[in-house]
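Engineer: Please find one structure pasted underneath; my questions will follow.
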Amino acid sequence: MYVAVKGGERAIDNAHAWLAEERRGDPDVAELSLGQIREQLALAVNRVMAEGSLYDPDLAALAIKQSRGDLIEAIFLIRAYRTTLPRIGHSTPVDTGKMACDRRVSATFKDAPGGQVLGPTFDYTHRLLDFALAAEGLVPDAPQGEPDQTPMPRITEFLNRDGLIQPETTSDTVPPDMTRQPMEYPASRALRLQSLARGDEGFVLGMAYSTQRGYGRNHPFVGELRIGTCSVEMEIPELGFAVDIGEITLTECETVNQFTGSKTEPAQFTRGYGLVFGQTERKAISMALVDRALRWEELGEDNLGAPAQDEEFVLAHADNIQATGFLEHIKLPHYVDFQSELELVRKLRAEVQMTTKEAAE
Amino acid sequence: MSMPSQDQAYNFAYLDEQTKRMIRRAILKGVAIPGYQVPFASREMPMPYGWGTGGVQVTAACLTPDDRLKVIDQGADDTTNAVSIRKFFQRTAGVAVTEATIDATVIQTRHRIPEAPLNRDQILVYQVPIPEPLRFLEPRETETRKMHALEEYGLMHVKLYEDIARHGHIATAYAYPVKVEGRYVMDPSPIPKFDNPKLEMAALQLFGAGREQRIYAIPPYTKVVSLDFADHPFDPSKADHPCDLCGADHSYLDEVITNDQGARMFVCSDTDYCAGRQASGHHGRLSPQEDAA
């Protein structure tokens, strides 16, 4: 009886076997292939790549299959795998200005060089369940056009030309790597952006939303949102120049925020920035809003005490793998601690009862 | 226990050598400054944060192929997470494992210090959820680091004093704060305060907090004082019963509810200690009777 409460080896093995069976579901239903997940659940794959900090759609698809569609569990699998990979080197900075855009919209200008491209978006769909999809019908082909070769320069650059927007300073310092160094506060902006880029989509969204509702409001406009592919280049020491090593899909969001000026800065627009793997625009926009909120000190704004302005609060709680692990660990046995609390509570109660009894006599 | 061969797909004890070196540096720094929380670049482990990733990384950095590992959770070797961590090292390091405290060279623990005294050839590795003893008084890391630097522990004493004023006792039953070698206030991890006096011991004690990226240490025979007041001295209390299986009246006990009428029994939380005492002939109230005689 005493041993029964202690779990043990056989219980774990059996639990794993049961889990594997549940994962497969009804064997009369065809098994999902990784290709199906990668191609048809692409946005789930993108989220897993983004928060797992590893760009590999096939591995992300595998993780989603293994985790039964629990995306945080899938992200965890990718993170645990990622840490074991050797670091071969670093790419040169990716030039998102040269992105081959599938989607590019600006909310601040009606038109801009390169034009607005809606791309494959849910934005103007009516959210009506499409029962035809349940019937596995063939999708009608989308109309084809010629690829647009027009360059699409970044829209905030136009504002920058007139000095109306706060310029970003360039720096050649090597950015810190949060996966190789312990987190330190206060964090540099590079570190903050890293943390937000892999932060939980729901958490970052909630933080961003709170700024819109008045907790550290910063009046954002989507200056530009672009989604597309960028080439990744790497310097090869033996060659002495950078070579193209592949292509990745990115979502980039730059917000333009109203700013009336402070003691140190003239009235101008300011920016928030979001950059995320894959097509992940909710996350990229959220990231930009939170980035902007966290910049209050650098821009000489007041600390309003809003949660989204609080760097330590935001960064320490944005990671869903840390959060879910710590949250779920309370399922582990705690009976030693509970026992000590039990003794204490009994002792305190006994003393109170004694005093009341004495007082009554 | 049998000694399985190491899974060749992983480096010895899972972590790569560079990472282990980084962790060993943090450990050495921790040993040099007893009770000081050393930041380290904690890795994502294949088990969840909060489930012992800090302890696992410290153990991985300490293990050699000749070591004999014991893993306990709540004092017991057969709790599910202890089983899981022990299996992890059997698979990735191929080290020998044991349940006998005396035979182990490295012991990873969660929430307990073994009852049997440890010796100078042993390392005790603690899993730590929140390494910062001041965290629940001041949530900001930037502030608590300053408080440690300035040895500004007044807030902690005020908290303990308020407990006494309100309840007549210090209302902390586990993770009871200690001062190490007269300098740093340290969280001993959520061990019951009953275990606090054992923190002064012959073995090296290492504390790993994975999620919070901190390692700290108590070198052998370091002075460890549980915080208290002259008129309210520290009291390492436990359940006022002997063990119902081995009769020990000086070990930490778990309370087990045995039926729906609220009947309960008290048994040693340290399963190896209890089994050892029973094997050497000690009996408790509910010990199985061997002979009718």
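Ordered as shown in the structure tokens, chains take letters A, B, and onward, while each chain numbers its residues from 1 and ligands are numbered from 1 in the order shown.
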Do a neighbour search on Ala42 in chain A at 12 Å with only C-alpha atoms, toss out local chain neighbours closer than 6 positions, and write the hits as an MDAnalysis selection string.
Structural biologist: chainID A and resid 34:36 48:49 56:58 60:61 64 249 277:280
Engineer: Show me, as a count of residues only, every residue of chain A with an atom at most 6 Å from chain B, counting only C-alpha atoms.
Structural biologist: 15
Engineer: Extract, using only C-alpha atoms, all DNA, RNA and protein residues at most 9 Å from Gly182 in chain B, discarding same-chain residues fewer than 2 positions from it, and format them as a list in words.
Structural biologist: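 Surrounding residues, per the criterion: Lys179, Val180, Tyr184, Val185, Lys223, Val224 and Val225 of chain B.
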Engineer: Please produce a file of the residues just selected, as a PDB file, in the first residue's frame, where the atoms kept are N, CA and C atoms.
Structural biologist:
```pdb
ATOM      1  N   LYS B 179      22.126  31.248   6.580  1.00  0.00           N
ATOM      2  CA  LYS B 179      23.255  32.121   6.269  1.00  0.00           C
ATOM      3  C   LYS B 179      24.494  31.236   6.185  1.00  0.00           C
ATOM      4  N   VAL B 180      25.219  31.378   5.079  1.00  0.00           N
ATOM      5  CA  VAL B 180      26.339  30.488   4.810  1.00  0.00           C
ATOM      6  C   VAL B 180      27.658  31.191   5.118  1.00  0.00           C
ATOM      7  N   TYR B 184      26.455  34.988   2.882  1.00  0.00           N
ATOM      8  CA  TYR B 184      25.293  35.008   2.002  1.00  0.00           C
ATOM      9  C   TYR B 184      24.093  34.300   2.613  1.00  0.00           C
ATOM     10  N   VAL B 185      22.939  34.954   2.528  1.00  0.00           N
ATOM     11  CA  VAL B 185      21.702  34.265   2.870  1.00  0.00           C
ATOM     12  C   VAL B 185      21.325  33.401   1.669  1.00  0.00           C
ATOM     13  N   LYS B 223      30.136  26.540   7.615  1.00  0.00           N
ATOM     14  CA  LYS B 223      29.170  26.918   8.643  1.00  0.00           C
ATOM     15  C   LYS B 223      27.857  27.355   7.992  1.00  0.00           C
ATOM     16  N   VAL B 224      26.764  26.715   8.387  1.00  0.00           N
ATOM     17  CA  VAL B 224      25.452  27.041   7.837  1.00  0.00           C
ATOM     18  C   VAL B 224      24.491  27.276   9.002  1.00  0.00           C
ATOM     19  N   VAL B 225      23.989  28.493   9.112  1.00  0.00           N
ATOM     20  CA  VAL B 225      23.132  28.836  10.252  1.00  0.00           C
ATOM     21  C   VAL B 225      21.726  29.163   9.762  1.00  0.00           C
TER      22      VAL B 225
END
```
Engineer: Let's see if you can do this: from backbone DSSP, list all strand (DSSP E or B) residues in range 184-246 of chain B, as an MDAnalysis selection string.
Structural biologist: chainID B and resid 184:186 192 204:209 214:218 224:226 229 232
Engineer: Step one, run DSSP on the backbone; step two, keep only residues of range 42-251 of chain A assigned to helix (DSSP H, G or I); then write them as a ChimeraX atom specification.
Structural biologist: /A:42-52,57-66,71-82,96-98,131-134,156-161,189-197,201-212
Engineer: Compile the contact shell of Asp272 in chain B as a ChimeraX atom specification: residues with an atom at most 10 Å away, counting only C-alpha atoms, same-chain residues fewer than 6 positions apart removed.
Structural biologist: /B:72,75-77,99-102,114-116,278
